[in-house]
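**Q** Data: my_file11.txt, compact mmCIF, C-alpha atoms.
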```
# COMPACT_ATOMS: atom_id res chain seq x y z
CA MET A 738 0.00 0.00 0.00
CA GLY A 739 1.37 3.39 -0.97
CA LYS A 740 2.28 6.12 1.48
CA VAL A 741 -0.51 8.53 2.42
CA SER A 742 0.54 12.14 1.97
CA PRO A 743 -0.11 14.53 4.90
CA MET A 744 -3.71 15.66 5.01
CA LYS A 745 -5.11 19.06 5.65
CA ALA A 746 -7.29 19.22 8.73
CA ILE A 747 -10.29 21.32 9.64
CA VAL A 748 -11.15 22.15 13.24
CA LEU A 749 -14.68 23.30 14.07
CA ALA A 750 -14.51 25.93 16.82
CA ALA A 751 -17.32 28.40 16.15
CA GLY A 752 -19.86 27.39 18.81
CA GLU A 753 -20.84 29.37 21.90
CA GLY A 754 -20.73 26.47 24.36
CA THR A 755 -23.89 27.56 26.20
CA ARG A 756 -23.95 24.39 28.32
CA LEU A 757 -20.52 25.35 29.66
CA ARG A 758 -21.61 28.70 31.03
CA PRO A 759 -20.51 30.66 32.98
CA LEU A 760 -17.05 29.54 31.81
CA THR A 761 -17.84 30.47 28.20
CA LEU A 762 -19.31 33.88 28.92
CA THR A 763 -15.83 35.36 28.55
CA LYS A 764 -13.96 32.80 26.43
CA PRO A 765 -14.82 30.30 23.67
CA LYS A 766 -14.96 26.69 24.81
CA ALA A 767 -11.95 25.87 22.62
CA LEU A 768 -9.83 27.99 25.00
CA LEU A 769 -10.84 26.27 28.23
CA PRO A 770 -7.70 24.88 29.89
CA VAL A 771 -6.83 21.22 30.33
CA GLY A 772 -3.62 20.94 32.32
CA ASN A 773 -3.16 24.72 31.90
CA ILE A 774 -3.18 24.26 28.10
CA PRO A 775 -6.13 25.50 25.99
CA VAL A 776 -8.06 22.56 24.59
CA ILE A 777 -7.60 23.73 20.99
CA GLN A 778 -3.83 23.65 21.56
CA HIS A 779 -4.15 19.99 22.55
CA VAL A 780 -5.97 19.40 19.24
CA LEU A 781 -3.35 21.25 17.19
CA GLU A 782 -0.47 19.42 18.84
CA ALA A 783 -2.17 16.04 18.33
CA LEU A 784 -2.60 16.85 14.63
CA LYS A 785 0.99 18.00 14.24
CA LYS A 786 2.34 14.82 15.83
CA ASN A 787 0.51 12.89 13.10
CA GLY A 788 2.10 14.80 10.24
CA VAL A 789 -0.62 17.38 9.65
CA LYS A 790 0.92 20.67 8.53
CA GLU A 791 -2.01 22.76 7.31
CA ILE A 792 -5.13 23.46 9.36
CA LEU A 793 -8.31 25.41 8.78
CA ILE A 794 -10.14 26.59 11.89
CA VAL A 795 -13.80 27.55 11.63
CA VAL A 796 -14.35 30.38 14.12
CA GLY A 797 -17.35 32.43 15.15
CA TYR A 798 -18.10 33.17 18.81
CA LEU A 799 -15.28 35.28 20.33
CA LYS A 800 -13.17 34.46 17.28
CA GLU A 801 -10.57 37.10 18.13
CA LYS A 802 -9.54 35.18 21.23
CA ILE A 803 -8.87 31.98 19.29
CA GLN A 804 -7.04 33.90 16.59
CA GLY A 805 -5.06 35.75 19.26
CA LEU A 806 -3.80 32.46 20.71
CA VAL A 807 -3.20 30.49 17.52
CA GLY A 808 -2.34 33.25 15.04
CA ASP A 809 -0.95 31.91 11.78
CA GLY A 810 0.15 28.73 13.54
CA LYS A 811 3.90 29.33 13.32
CA ARG A 812 4.39 29.05 17.07
CA PHE A 813 3.02 25.52 16.81
CA GLY A 814 4.98 24.65 13.67
CA LEU A 815 1.78 24.73 11.59
CA LYS A 816 0.17 26.76 8.84
CA VAL A 817 -3.23 27.92 10.07
CA ASN A 818 -5.99 29.76 8.21
CA TYR A 819 -9.49 30.69 9.32
CA VAL A 820 -13.03 30.42 8.05
CA LEU A 821 -15.70 32.62 9.64
CA GLN A 822 -19.12 31.23 10.52
CA ASN A 823 -21.02 34.43 11.30
CA HIS A 824 -24.17 32.70 12.47
CA VAL A 825 -23.86 29.24 13.95
CA ARG A 826 -26.20 27.11 11.87
CA GLY A 827 -24.74 23.71 12.52
CA THR A 828 -21.63 21.64 12.01
CA GLY A 829 -22.67 20.73 8.47
CA GLU A 830 -22.78 24.37 7.45
CA ALA A 831 -19.46 24.99 9.24
CA LEU A 832 -17.76 22.33 7.14
CA ASN A 833 -19.45 23.44 3.95
CA LEU A 834 -18.05 26.96 4.36
CA ALA A 835 -14.58 25.49 3.83
CA SER A 836 -15.46 23.24 0.87
CA ASN A 837 -13.30 25.19 -1.60
CA LEU A 838 -10.29 25.25 0.74
CA LEU A 839 -9.90 21.54 1.45
CA ASP A 840 -8.32 18.68 -0.47
CA LYS A 841 -10.29 15.73 -1.83
CA THR A 842 -9.55 13.87 1.41
CA PHE A 843 -9.20 15.64 4.75
CA LEU A 844 -9.34 15.21 8.51
CA LEU A 845 -12.00 16.86 10.66
CA VAL A 846 -11.91 17.35 14.44
CA TYR A 847 -14.36 19.14 16.70
CA GLY A 848 -12.56 21.95 18.52
CA ASP A 849 -14.10 21.28 21.92
CA LEU A 850 -12.53 17.85 22.36
CA TYR A 851 -9.62 16.90 24.54
CA VAL A 852 -7.89 14.38 22.26
CA THR A 853 -4.49 12.73 22.29
CA SER A 854 -2.20 12.12 19.33
CA SER A 855 -2.90 8.39 19.61
CA ALA A 856 -6.59 9.02 18.88
CA ILE A 857 -5.76 10.91 15.69
CA LYS A 858 -3.28 8.18 14.74
CA LYS A 859 -5.94 5.48 14.96
CA VAL A 860 -8.26 7.40 12.64
CA LEU A 861 -5.51 7.98 10.07
CA GLN A 862 -4.37 4.36 10.23
CA THR A 863 -7.92 3.21 9.56
CA TYR A 864 -8.08 5.49 6.52
CA LYS A 865 -4.76 4.17 5.28
CA LYS A 866 -6.09 0.62 5.55
CA ARG A 867 -9.57 1.24 4.14
CA ARG A 868 -9.07 4.24 1.81
CA SER A 869 -12.57 5.34 2.65
CA ASN A 870 -14.44 7.72 4.95
CA VAL A 871 -13.72 7.09 8.64
CA LEU A 872 -15.62 7.92 11.82
CA ALA A 873 -14.11 7.61 15.32
CA LEU A 874 -16.20 6.02 18.08
CA VAL A 875 -15.82 5.97 21.83
CA GLU A 876 -17.63 4.12 24.58
CA VAL A 877 -19.26 6.33 27.23
CA GLU A 878 -21.31 5.85 30.39
CA ASN A 879 -24.07 8.27 29.36
CA PRO A 880 -24.78 7.60 25.66
CA SER A 881 -28.11 9.45 25.81
CA ASP A 882 -26.14 12.71 25.70
CA TYR A 883 -24.47 11.84 22.37
CA GLY A 884 -25.02 10.51 18.89
CA VAL A 885 -25.29 6.76 19.41
CA VAL A 886 -23.76 4.78 16.55
CA LYS A 887 -24.86 1.49 15.00
CA ILE A 888 -22.31 -0.49 12.98
CA ASP A 889 -22.24 -3.77 11.05
CA GLU A 890 -19.93 -6.77 11.49
CA LYS A 891 -17.29 -5.10 9.29
CA LYS A 892 -17.31 -1.98 11.51
CA ARG A 893 -19.06 0.09 8.85
CA LEU A 894 -21.50 2.77 9.88
CA ILE A 895 -25.18 1.93 9.60
CA GLY A 896 -26.71 4.91 11.39
CA ILE A 897 -26.45 7.56 14.10
CA GLU A 898 -29.27 8.28 16.54
CA GLU A 899 -28.93 11.62 18.29
CA LYS A 900 -29.48 11.57 22.05
CA PRO A 901 -31.84 8.58 22.21
CA LYS A 902 -33.85 8.04 25.40
CA LYS A 903 -33.16 4.29 25.28
CA PRO A 904 -29.77 3.80 23.58
CA GLN A 905 -29.03 0.32 22.24
CA THR A 906 -25.29 0.65 22.75
CA ASN A 907 -22.70 2.76 24.58
CA LEU A 908 -20.74 3.51 21.38
CA VAL A 909 -21.05 7.15 20.34
CA ASN A 910 -19.74 9.51 17.69
CA ALA A 911 -16.41 10.92 18.88
CA GLY A 912 -16.35 13.93 16.51
CA ILE A 913 -13.20 12.93 14.59
CA TYR A 914 -13.48 12.00 10.90
CA VAL A 915 -11.64 11.44 7.67
CA PHE A 916 -13.86 12.56 4.79
CA THR A 917 -13.66 12.41 1.04
CA GLU A 918 -15.17 15.18 -1.05
CA GLU A 919 -18.38 13.13 -1.31
CA ILE A 920 -19.50 14.56 2.02
CA PHE A 921 -20.19 17.98 0.47
CA GLY A 922 -22.79 16.53 -1.88
CA GLU A 923 -24.62 15.06 1.10
CA ILE A 924 -24.43 18.32 3.05
CA ALA A 925 -26.03 20.12 0.10
CA LYS A 926 -29.03 17.77 0.33
CA THR A 927 -29.35 17.90 4.13
CA ARG A 928 -32.40 19.65 5.54
CA GLN A 929 -32.39 21.80 8.63
CA SER A 930 -32.88 20.00 11.92
CA ILE A 931 -35.47 20.92 14.53
CA ARG A 932 -32.87 23.32 15.94
CA GLY A 933 -32.71 25.09 12.57
CA GLU A 934 -29.21 23.77 11.86
CA ILE A 935 -27.53 21.73 9.15
CA GLU A 936 -26.25 18.78 11.13
CA LEU A 937 -23.09 17.07 9.94
CA THR A 938 -24.27 13.77 11.40
CA ASP A 939 -27.33 13.83 9.10
CA ALA A 940 -25.04 14.18 6.10
CA VAL A 941 -22.79 11.38 7.39
CA GLN A 942 -25.75 9.03 7.68
CA SER A 943 -26.75 9.81 4.09
CA LEU A 944 -23.17 9.23 3.00
CA ALA A 945 -23.16 5.82 4.71
CA GLN A 946 -26.14 4.74 2.59
CA LYS A 947 -24.12 5.26 -0.59
CA THR A 948 -20.54 4.41 0.28
CA ASP A 949 -18.52 2.81 3.06
CA VAL A 950 -17.96 4.82 6.24
CA TYR A 951 -15.66 2.73 8.42
CA THR A 952 -15.39 3.20 12.16
CA VAL A 953 -12.54 2.94 14.65
CA LYS A 954 -12.91 2.75 18.41
CA LEU A 955 -10.88 5.03 20.68
CA ASN A 956 -9.92 4.37 24.28
CA GLY A 957 -11.56 6.44 26.98
CA ASP A 958 -8.19 7.90 28.01
CA GLU A 959 -7.72 9.36 24.51
CA TRP A 960 -10.85 11.49 24.39
CA VAL A 961 -13.10 13.77 26.42
CA ASP A 962 -15.96 15.82 25.00
CA LEU A 963 -16.10 19.16 26.83
CA GLY A 964 -19.85 19.45 26.67
CA LYS A 965 -20.61 20.30 30.30
CA PRO A 966 -18.57 21.97 33.05
CA TRP A 967 -17.69 18.77 34.93
CA ASP A 968 -16.20 17.35 31.72
CA LEU A 969 -13.36 19.82 32.29
CA LEU A 970 -12.57 18.07 35.56
CA LYS A 971 -12.64 14.71 33.76
CA ALA A 972 -10.25 15.92 31.03
CA ASN A 973 -7.96 17.46 33.62
CA GLU A 974 -7.87 14.18 35.57
CA LYS A 975 -6.92 12.27 32.41
CA PHE A 976 -4.20 14.75 31.45
CA LEU A 977 -2.64 14.89 34.92
CA GLY A 978 -2.91 11.13 35.24
CA LYS A 979 -0.60 10.74 32.23
CA MET A 980 2.23 12.73 33.83
CA ARG A 981 5.13 10.42 34.65
CA ARG A 982 7.88 12.74 35.86
CA SER A 983 7.98 15.52 38.39
CA MET A 984 9.37 18.89 37.33
CA VAL A 985 10.18 21.52 39.93
CA LYS A 986 11.41 24.86 38.59
CA GLY A 987 9.93 27.05 41.30
CA LYS A 988 11.00 27.79 44.86
CA ILE A 989 10.31 25.23 47.60
CA GLY A 990 10.17 26.34 51.26
CA LYS A 991 11.03 24.48 54.45
CA ASN A 992 9.18 21.34 55.50
CA VAL A 993 7.36 21.08 52.18
CA LYS A 994 6.17 17.53 51.57
CA ILE A 995 5.72 16.40 47.95
CA LYS A 996 4.11 13.05 47.24
CA GLY A 997 3.52 11.73 43.72
CA VAL A 998 4.11 13.45 40.38
CA VAL A 999 4.17 17.23 40.66
CA ARG A 1000 4.93 20.01 38.20
CA VAL A 1001 5.93 23.32 39.78
CA GLU A 1002 6.58 25.83 37.00
CA ALA A 1003 9.05 28.73 36.86
CA ASN A 1004 8.77 31.43 39.54
CA ALA A 1005 6.11 29.52 41.45
CA VAL A 1006 6.51 29.29 45.23
CA LEU A 1007 5.50 26.58 47.68
CA ARG A 1008 5.91 28.20 51.08
CA ASP A 1009 6.83 26.52 54.34
CA GLY A 1010 4.72 23.60 55.47
CA VAL A 1011 2.85 22.97 52.21
CA TYR A 1012 1.77 19.36 51.60
CA VAL A 1013 1.36 18.40 47.95
CA GLU A 1014 -0.27 15.17 46.80
CA GLY A 1015 0.19 14.66 43.06
CA PRO A 1016 -0.55 14.56 40.28
CA ILE A 1017 -0.69 18.35 40.41
CA ILE A 1018 0.38 21.35 38.34
CA VAL A 1019 1.30 24.67 39.96
CA GLY A 1020 1.50 27.25 37.19
CA ALA A 1021 4.23 29.82 36.62
CA GLY A 1022 4.27 32.64 39.16
CA SER A 1023 1.77 31.04 41.52
CA ASP A 1024 2.22 31.35 45.27
CA VAL A 1025 0.94 28.72 47.72
CA GLY A 1026 0.99 28.67 51.52
CA PRO A 1027 2.25 28.55 54.13
CA ASN A 1028 0.71 25.40 55.61
CA CYS A 1029 -1.60 24.43 52.74
CA TYR A 1030 -2.81 21.08 51.45
CA LEU A 1031 -2.91 20.65 47.67
CA ARG A 1032 -4.67 17.40 46.85
CA ALA A 1033 -4.51 15.23 43.75
CA TYR A 1034 -5.69 16.40 40.32
CA THR A 1035 -5.54 20.07 41.20
CA CYS A 1036 -4.30 22.39 38.48
CA LEU A 1037 -3.40 25.96 39.41
CA GLY A 1038 -2.98 28.35 36.50
CA ARG A 1039 -0.45 31.17 36.24
CA ASN A 1040 -0.12 33.72 39.06
CA VAL A 1041 -2.64 32.03 41.33
CA ARG A 1042 -2.42 32.86 45.05
CA VAL A 1043 -3.48 30.29 47.65
CA GLY A 1044 -3.18 31.71 51.17
CA ALA A 1045 -2.30 30.19 54.52
CA GLY A 1046 -4.17 27.18 55.81
CA CYS A 1047 -6.13 26.38 52.63
CA GLU A 1048 -7.06 23.00 51.18
CA ILE A 1049 -7.60 22.61 47.43
CA LYS A 1050 -8.77 19.27 46.07
CA ASN A 1051 -9.30 18.20 42.43
CA CYS A 1052 -9.85 21.73 41.15
CA VAL A 1053 -9.12 23.72 38.01
CA VAL A 1054 -8.16 27.23 39.14
CA MET A 1055 -7.48 29.58 36.25
CA ASN A 1056 -4.94 32.37 35.88
CA GLY A 1057 -4.72 35.24 38.36
CA THR A 1058 -7.25 33.95 40.91
CA LYS A 1059 -6.74 34.50 44.65
CA ILE A 1060 -7.96 32.01 47.25
CA PRO A 1061 -6.97 33.48 50.64
CA HIS A 1062 -6.37 31.92 54.03
CA LEU A 1063 -8.59 29.36 55.73
CA SER A 1064 -10.57 28.37 52.62
CA TYR A 1065 -11.60 25.00 51.20
CA PHE A 1066 -12.26 24.34 47.50
CA GLY A 1067 -13.09 20.86 46.21
CA ASP A 1068 -14.03 19.37 42.83
CA SER A 1069 -14.60 22.81 41.32
CA ILE A 1070 -13.80 24.91 38.26
CA ILE A 1071 -12.78 28.48 39.04
CA GLY A 1072 -12.35 31.14 36.35
CA GLU A 1073 -9.67 33.79 35.90
CA ASN A 1074 -8.94 36.76 38.14
CA CYS A 1075 -11.36 35.84 40.91
CA ASN A 1076 -10.81 37.14 44.43
CA PHE A 1077 -12.33 35.17 47.29
CA GLY A 1078 -12.67 36.42 50.86
CA ALA A 1079 -11.01 34.63 53.76
CA GLY A 1080 -12.90 31.60 54.99
CA THR A 1081 -14.67 30.87 51.68
CA LEU A 1082 -15.91 27.28 51.81
CA VAL A 1083 -17.08 25.11 48.91
CA ALA A 1084 -19.38 22.18 49.67
CA ASN A 1085 -18.75 19.36 47.19
CA LEU A 1086 -20.99 16.68 48.71
CA ARG A 1087 -24.75 16.63 49.12
CA PHE A 1088 -26.05 16.04 52.63
CA ASP A 1089 -27.87 12.91 51.41
CA GLY A 1090 -24.80 11.63 49.53
CA LYS A 1091 -26.58 11.47 46.15
CA ASN A 1092 -25.14 12.69 42.85
CA VAL A 1093 -24.83 16.46 42.61
CA LYS A 1094 -27.21 18.14 40.18
CA THR A 1095 -26.83 21.51 38.52
CA GLU A 1096 -28.96 23.68 36.27
CA ILE A 1097 -28.10 23.79 32.57
CA LYS A 1098 -30.25 25.70 30.08
CA GLY A 1099 -33.19 25.84 32.47
CA ARG A 1100 -33.30 22.23 33.67
CA MET A 1101 -31.63 20.30 36.45
CA VAL A 1102 -29.00 17.87 35.18
CA ASP A 1103 -27.35 15.01 37.04
CA THR A 1104 -23.59 15.54 36.89
CA GLY A 1105 -22.99 11.83 37.46
CA ARG A 1106 -20.56 12.83 40.20
CA ARG A 1107 -21.14 12.19 43.87
CA LYS A 1108 -18.63 14.93 44.61
CA PHE A 1109 -18.91 18.14 42.63
CA GLY A 1110 -18.41 21.66 43.90
CA VAL A 1111 -19.01 24.91 42.05
CA VAL A 1112 -18.42 26.53 38.67
CA VAL A 1113 -17.28 30.14 38.90
CA GLY A 1114 -16.86 32.49 35.96
CA ASP A 1115 -14.11 35.10 35.53
CA ASN A 1116 -13.66 38.16 37.77
CA VAL A 1117 -15.91 37.01 40.63
CA GLN A 1118 -15.40 38.49 44.10
CA THR A 1119 -16.64 37.22 47.46
CA GLY A 1120 -16.52 38.60 50.99
CA ILE A 1121 -15.39 36.67 54.04
CA ASN A 1122 -17.08 33.49 55.25
CA VAL A 1123 -19.07 32.80 52.09
CA SER A 1124 -20.36 29.24 51.70
CA LEU A 1125 -21.01 27.81 48.22
CA MET A 1126 -23.28 24.77 47.94
CA PRO A 1127 -22.72 21.80 45.57
CA GLY A 1128 -23.59 22.41 41.91
CA VAL A 1129 -23.90 26.19 42.20
CA LYS A 1130 -22.74 28.34 39.26
CA ILE A 1131 -21.66 31.96 39.63
CA GLY A 1132 -21.61 34.17 36.56
CA SER A 1133 -18.65 36.31 35.58
CA ASN A 1134 -18.09 39.75 37.13
CA SER A 1135 -20.44 39.06 40.06
CA GLN A 1136 -19.90 40.02 43.70
CA ILE A 1137 -21.07 38.14 46.78
CA GLY A 1138 -21.09 39.89 50.13
CA PRO A 1139 -19.83 38.38 53.39
CA ASN A 1140 -21.54 35.61 55.39
CA ILE A 1141 -23.82 34.44 52.56
CA CYS A 1142 -24.70 30.82 51.92
CA VAL A 1143 -25.12 30.53 48.13
CA TYR A 1144 -27.53 27.68 47.37
CA ARG A 1145 -28.67 28.69 43.87
CA ASP A 1146 -27.03 30.09 40.74
CA ILE A 1147 -26.03 33.73 40.60
CA PRO A 1148 -26.19 35.39 37.16
CA ALA A 1149 -23.31 37.33 35.63
CA ASN A 1150 -22.81 40.98 36.58
CA THR A 1151 -24.81 40.62 39.80
CA LYS A 1152 -24.18 41.79 43.36
CA ALA A 1153 -25.56 39.61 46.18
CA ILE A 1154 -25.69 41.25 49.60
CA LEU A 1155 -27.08 39.86 52.85
CA ARG A 1156 -29.24 42.48 54.56
CA GLN A 1157 -29.63 42.11 58.30
CA THR A 1158 -31.36 44.09 61.03
CA LEU A 1159 -29.57 44.63 64.31
CA SER A 1160 -31.30 45.50 67.57
CA PHE A 1161 -29.48 46.95 70.55
CA GLU A 1162 -30.26 46.76 74.26
CA SER A 1163 -28.42 48.53 77.02
CA LEU A 1164 -26.43 46.40 79.43
CA GLN A 1165 -26.64 49.07 82.09
CA PRO A 1166 -29.13 48.43 84.88
```
Any chance you could give the structure as structure tokens?

**A**
Amino acid sequence: MGKVSPMKAIVLAAGEGTRLRPLTLTKPKALLPVGNIPVIQHVLEALKKNGVKEILIVVGYLKEKIQGLVGDGKRFGLKVNYVLQNHVRGTGEALNLASNLLDKTFLLVYGDLYVTSSAIKKVLQTYKKRRSNVLALVEVENPSDYGVVKIDEKKRLIGIEEKPKKPQTNLVNAGIYVFTEEIFGEIAKTRQSIRGEIELTDAVQSLAQKTDVYTVKLNGDEWVDLGKPWDLLKANEKFLGKMRRSMVKGKIGKNVKIKGVVRVEANAVLRDGVYVEGPIIVGAGSDVGPNCYLRAYTCLGRNVRVGAGCEIKNCVVMNGTKIPHLSYFGDSIIGENCNFGAGTLVANLRFDGKNVKTEIKGRMVDTGRRKFGVVVGDNVQTGINVSLMPGVKIGSNSQIGPNICVYRDIPANTKAILRQTLSFESLQP
């Protein structure tokens, strides 16, 4: 079999990511960090490792932020161009916008996936073997949230059922494809869905009725769909779990105990008495302690401050955020440049021990996690002794006054103040 020349790739990154709010109120979902690295950078690096040199990125929502990070691709050793999807009308339309810019065979990846280079390799190897359209599959615990795939005995696609109430299998569409130019003919014939969008999966199903669309199964460690906020914790856990060597470039104080694999980046400081339980990343310029407990799967971004006597467990804390003394944060995602008052406490476990639920697009959704804390947007400020209940979301730029127990979501750009009435009596006889 002859050698396959490097393919162009297209990355779809135009969506708003409304189910990920408040995290996506200020940044596109493709820029959410996994291991302190934007998810789209993970995609680009996985493509590059598989010989891809030219990439088209379809942008729309907050496009300038993606373009500001990626630029022309030179910093990643790639050639990157952009296609603008002004109004998001589906993944089929997004691909069709680039029809004149792609080769007869090309690779497509959704831009909100955490994927490894091994996942891309499997898809390309399947194309090399089959010389036909290829669709990646992955097995998930909650197939009702995805496009459930049916295949024949030769692993060819038969059909895709979007978000079925009673799925027949746990195999779902992973959002990674190799397509031939035939897909554009099917997109042209695809009608709008109930959501008013041209769905790529509809076109793929039509394509499978006319020609072979082979499938390849990925491992769970190679792929995470960042569809909901807690998926960011899952992706972070997978990324940190792959770290094999510690790297300490920062300053370590006296009596600091480090257990497991830890990455402490340049100019970071672990002050006296800090206990670190890896895998953990402490980003450049961050300052922790004294006498703190950083627990496994925590990822602190750049210039994060964690004050004295704090405990942080399995959290993503983004750049510039300050968590002061005597605070506890567990199983939570915290945005950039937040400033929490002393004694801020996050509850990550329901009193009845059941799975934590949170509100997404007007309905309560089971996170599937027995322990899940809060999701906080960028630039949030709290006063002292604030308590945050499990599953609560706080919108960007909001302020929460002291001594408040937050048990429901707070919208963006909102101030929450506890009003109290004091009465006074004289102690003199």

**Q** Where does range 767-787 of chain A meet range 850-863 of chain A within 8 Å, residue by residue, with the nearest atom pair and distance in Å to one decimal for each, counting only C-alpha atoms, listed by chain and rising number, as JSON lines?

**A**
```
{"residue": "A:Val771", "atom": "CA", "partner": "A:Tyr851", "partner_atom": "CA", "distance": 7.7}
{"residue": "A:Val776", "atom": "CA", "partner": "A:Tyr851", "partner_atom": "CA", "distance": 5.9}
{"residue": "A:Ile777", "atom": "CA", "partner": "A:Leu850", "partner_atom": "CA", "distance": 7.8}
{"residue": "A:His779", "atom": "CA", "partner": "A:Tyr851", "partner_atom": "CA", "distance": 6.6}
{"residue": "A:Val780", "atom": "CA", "partner": "A:Val852", "partner_atom": "CA", "distance": 6.2}
{"residue": "A:Glu782", "atom": "CA", "partner": "A:Ser854", "partner_atom": "CA", "distance": 7.5}
{"residue": "A:Ala783", "atom": "CA", "partner": "A:Ser854", "partner_atom": "CA", "distance": 4.0}
{"residue": "A:Leu784", "atom": "CA", "partner": "A:Ser854", "partner_atom": "CA", "distance": 6.7}
{"residue": "A:Lys786", "atom": "CA", "partner": "A:Ser854", "partner_atom": "CA", "distance": 6.3}
{"residue": "A:Asn787", "atom": "CA", "partner": "A:Lys858", "partner_atom": "CA", "distance": 6.3}
```

**Q** State, in Å with one decimal place, the distance from CA of Ala873 in chain A to CA of Gly810 in chain A.

**A** 25.5 Å

**Q** Which residue, A:Gly1044, A:Arg1106, A:Cys1052, A:Gln1165, has the smallest gap to Gly1080 in chain A when you use all atoms listed in the file?

**A**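 Smallest separation from Gly1080 in chain A among the options: A:Gly1044.
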
**Q** Which residues, written as a list in words, have at least one atom at most 10 Å from Ile1049 in chain A, with only C-alpha atoms counted and residues fewer than 6 positions away on the same chain left out?

**A**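 Result of the neighbour search: Val1013, Cys1029, Tyr1030, Leu1031, Arg1032, Ala1033, Tyr1034, Thr1035, Cys1036, Leu1037, Val1043, Ile1060, Ser1064, Tyr1065, Phe1066, Gly1067, Asp1068, Ser1069 and Val1083 of chain A.
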
**Q** Neighbours of Val915 in chain A within 6 Å (all atoms listed in the file; same-chain residues fewer than 2 positions away dropped), as a PDB file with C-alpha atoms, in the frame of the given file?

**A**
```
ATOM      1  CA  PHE A 843      -9.200  15.640   4.750  1.00  0.00           C
ATOM      2  CA  LEU A 844      -9.340  15.210   8.510  1.00  0.00           C
ATOM      3  CA  ASN A 870     -14.440   7.720   4.950  1.00  0.00           C
ATOM      4  CA  VAL A 871     -13.720   7.090   8.640  1.00  0.00           C
TER       5      VAL A 871
END
```

**Q** For a quick check of your reading of the model, name the residues lying within 10 Å of the coordinate (-22.5, 15.6, 36.3), counting only C-alpha atoms, and write them as a ChimeraX atom specification.

**A** /A:965-968,1092-1095,1102-1109,1128

**Q** Can you pull out the residues contacting Gly754 in chain A? Cut-off 12 Å, using all atoms listed in the file, and skip same-chain residues under 6 positions away; I want them as a ChimeraX atom specification.

**A** /A:760-769,797-799,825,848-849,962-966,1097-1098

**Q** So the first atom is CA of Ser983 in chain A and the second is CA of Ile1018 in chain A; what is the distance between them in Å, to one decimal place?

**A**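 These atoms are spaced 9.6 Å apart.
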
**Q** Hey, can you check how far CA of Asn1134 in chain A sits from CA of Leu970 in chain A?

**A** 22.4 Å

**Q** Would you kindly return, as a short mmCIF file (atom, residue, chain, number, x, y, z; two decimals) with C-alpha atoms, in the frame of the given file, each protein, DNA or RNA residue with an atom no farther than 8 Å from any atom of Ile924 in chain A, considering only C-alpha atoms and excluding same-chain residues fewer than 5 positions away?

**A**
```cif
data_model
loop_
_atom_site.label_atom_id
_atom_site.label_comp_id
_atom_site.auth_asym_id
_atom_site.auth_seq_id
_atom_site.Cartn_x
_atom_site.Cartn_y
_atom_site.Cartn_z
CA GLY A 829 -22.67 20.73 8.47
CA GLU A 830 -22.78 24.37 7.45
CA ASN A 833 -19.45 23.44 3.95
CA ILE A 935 -27.53 21.73 9.15
CA LEU A 937 -23.09 17.07 9.94
CA ALA A 940 -25.04 14.18 6.10
#
```

**Q** Which is closer to Val1112 in chain A than all the others in A:Gly814, A:Ser930, A:Ile747, A:Leu757, using only C-alpha atoms?

**A**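 Of all the options, A:Leu757 lies closest to Val1112 in chain A.
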
**Q** Hey, which of A:Ser1023, A:Thr952, A:Ser1133, A:Asn1085 ends up closest to Asn1040 in chain A? Count only C-alpha atoms.

**A** A:Ser1023
